[in-house]
file target.cif (mmCIF, C-alpha atoms)
data_coords
#
loop_
_atom_site.label_atom_id
_atom_site.label_comp_id
_atom_site.auth_asym_id
_atom_site.auth_seq_id
_atom_site.Cartn_x
_atom_site.Cartn_y
_atom_site.Cartn_z
CA MET A 115 -8.55 45.66 -197.44
CA PRO A 116 -8.49 48.10 -194.50
CA ARG A 117 -5.22 48.62 -192.68
CA LEU A 118 -4.56 49.89 -189.17
CA PHE A 119 -1.40 51.71 -188.13
CA LEU A 120 -0.06 50.94 -184.66
CA CYS A 121 2.49 53.29 -183.15
CA ASN A 122 4.22 53.94 -179.85
CA LEU A 123 5.02 50.23 -179.47
CA GLY A 124 8.37 50.83 -177.79
CA ASP A 125 11.48 48.68 -177.91
CA ASP A 126 10.35 45.93 -175.58
CA TYR A 127 7.07 44.93 -177.21
CA SER A 128 6.37 41.40 -178.28
CA SER A 129 4.58 40.75 -181.55
CA VAL A 130 2.79 37.88 -179.77
CA GLU A 131 1.33 40.36 -177.25
CA ILE A 132 0.04 42.59 -180.04
CA LYS A 133 -1.41 39.62 -181.91
CA ASP A 134 -3.17 38.54 -178.69
CA LEU A 135 -4.83 41.97 -178.47
CA PHE A 136 -6.33 41.49 -181.93
CA GLU A 137 -7.30 37.81 -181.64
CA ARG A 138 -10.93 38.63 -180.76
CA TYR A 139 -11.33 40.24 -184.19
CA LYS A 140 -11.80 37.34 -186.58
CA SER A 141 -11.17 39.37 -189.71
CA VAL A 142 -7.43 39.92 -189.09
CA SER A 143 -5.61 38.85 -192.22
CA GLY A 144 -2.03 39.91 -191.48
CA PHE A 145 0.50 41.65 -189.27
CA ASN A 146 3.63 43.59 -190.20
CA PHE A 147 5.80 44.96 -187.39
CA LYS A 148 8.75 47.33 -187.66
CA SER A 149 10.88 48.65 -184.79
CA LYS A 150 8.43 50.99 -183.00
CA TYR A 151 5.35 50.70 -185.17
CA GLY A 152 3.34 48.14 -187.08
CA PHE A 153 0.42 47.47 -189.36
CA VAL A 154 -2.58 45.19 -188.98
CA ASP A 155 -4.53 44.21 -192.09
CA MET A 156 -8.18 43.32 -191.56
CA GLU A 157 -10.90 42.18 -193.92
CA SER A 158 -13.74 44.05 -192.25
CA ARG A 159 -13.96 47.83 -191.93
CA GLU A 160 -16.38 47.42 -189.00
CA ASP A 161 -13.82 45.34 -187.09
CA CYS A 162 -11.23 48.06 -187.75
CA GLU A 163 -13.55 50.67 -186.26
CA HIS A 164 -14.19 48.45 -183.22
CA ALA A 165 -10.46 47.81 -182.77
CA ILE A 166 -9.69 51.53 -182.90
CA GLY A 167 -12.47 52.27 -180.42
CA ASN A 168 -11.53 49.48 -177.99
CA LEU A 169 -7.73 49.33 -178.21
CA ASN A 170 -6.59 52.89 -178.96
CA GLY A 171 -5.02 54.40 -175.86
CA ILE A 172 -4.60 51.20 -173.84
CA THR A 173 -1.33 50.66 -171.99
CA CYS A 174 0.96 48.04 -173.46
CA ASN A 175 4.36 47.50 -171.77
CA GLY A 176 4.01 50.79 -169.94
CA ARG A 177 3.34 52.81 -173.10
CA LYS A 178 0.11 54.18 -174.44
CA LEU A 179 -0.67 52.33 -177.67
CA ARG A 180 -1.94 54.49 -180.52
CA ILE A 181 -4.04 52.90 -183.26
CA GLU A 182 -5.30 54.79 -186.28
CA TRP A 183 -6.27 54.21 -189.89
CA GLY A 184 -3.34 53.30 -192.10
CA ASN A 185 -2.86 53.95 -195.79
CA SER A 186 -2.80 51.10 -198.23
CA ASN A 187 -0.12 51.18 -200.92
CA ARG A 188 -2.66 52.34 -203.48
CA GLU A 189 -3.86 55.23 -201.27
CA ARG A 190 -0.30 56.20 -200.44
CA TYR A 191 0.65 56.27 -204.13
CA ALA A 192 -2.42 58.34 -205.01
CA SER A 193 -1.74 60.87 -202.23
CA ALA A 194 1.94 61.11 -203.19
CA LYS A 195 0.96 61.73 -206.77
CA LYS A 196 -1.23 64.64 -205.68
CA ARG A 197 1.43 66.18 -203.44
CA TYR A 198 4.27 66.51 -205.91
CA SER A 199 4.22 68.60 -209.03
CA ASP A 200 5.75 67.34 -212.24
CA GLY A 201 6.76 70.88 -213.18
CA LYS A 202 3.93 71.53 -215.61
CA TYR A 203 2.10 74.04 -213.38
CA LYS A 204 -1.00 71.90 -213.01
CA LYS A 205 -2.11 73.48 -209.75
CA SER A 206 -2.20 77.06 -210.95
CA ASN A 207 -1.83 79.26 -213.99
CA TRP A 208 0.22 81.78 -212.00
CA ARG A 209 4.02 82.04 -212.07
CA VAL A 210 6.40 84.19 -210.08
CA ILE A 211 9.17 85.91 -212.02
CA VAL A 212 11.95 87.35 -209.90
CA SER A 213 14.41 89.78 -211.45
CA GLY A 214 17.03 92.23 -210.31
CA LEU A 215 18.79 89.89 -207.89
CA ASP A 216 22.49 90.12 -207.23
CA GLU A 217 24.57 87.57 -209.18
CA ARG A 218 25.94 86.12 -205.94
CA THR A 219 22.47 85.18 -204.72
CA SER A 220 21.74 81.49 -204.93
#
call {"tool": "encode", "arguments": {"input": "target.cif", "output": "structure tokens"}}
result
Amino acid sequence: MPRLFLCNLGDDYSSVEIKDLFERYKSVSGFNFKSKYGFVDMESREDCEHAIGNLNGITCNGRKLRIEWGNSNRERYASAKKRYSDGKYKKSNWRVIVSGLDERTS
């Protein structure tokens, strides 16, 4: 299920106002708002592309709304798994050995 990330909402936004912006897209399946950002889950990738094209950059409560593709939990987990090494040198066969440092060096 595609997810959109909404940012730059500001402190004085109303979740009802944001929901009204997306009501023309029938494939909206859920909203999740935090303090200055939120997520919109949609069933159709095409509707997500239309929403980004039509709503990104509009002014909402005096602030320029930014809408972009969001990561689903599965994508976020997969990207986090790629970013962090488990210490087994999977990315490279090279190691750096440093010697001759003063004992007081940390």
call {"tool": "atom_distance", "arguments": {"input": "target.cif", "atom1": "CA of Arg117 (chain A)", "atom2": "CA of Gly176 (chain A)"}}
result
24.6 Å
call {"tool": "atom_distance", "arguments": {"input": "target.cif", "atom1": "CA of Glu182 (chain A)", "atom2": "CA of Phe136 (chain A)"}}
result
14.0 Å
call {"tool": "resolve_selection", "arguments": {"input": "target.cif", "expression": "the PyMOL selection byres ((chain A and resi 132) around 12)", "output": "number ranges by chain"}}
result
A: 120-121, 123-124, 126-131, 133-138, 144-147, 151-154, 169, 172-175, 179, 181
call {"tool": "residues_around", "arguments": {"input": "target.cif", "residues": "Ser143 (chain A)", "least_positions_apart": "4", "cutoff": "9 Å", "atoms": "all atoms listed in the file", "output": "number ranges by chain"}}
result
A: 154-157
call {"tool": "closest_residue", "arguments": {"input": "target.cif", "among": "A:Arg180, A:Asn185, A:Pro116, A:Asn122", "to": "Ser158 (chain A)", "atoms": "all atoms listed in the file"}}
result
A:Pro116
call {"tool": "atom_distance", "arguments": {"input": "target.cif", "atom1": "CA of Ile166 (chain A)", "atom2": "CA of Trp183 (chain A)"}}
result
8.2 Å
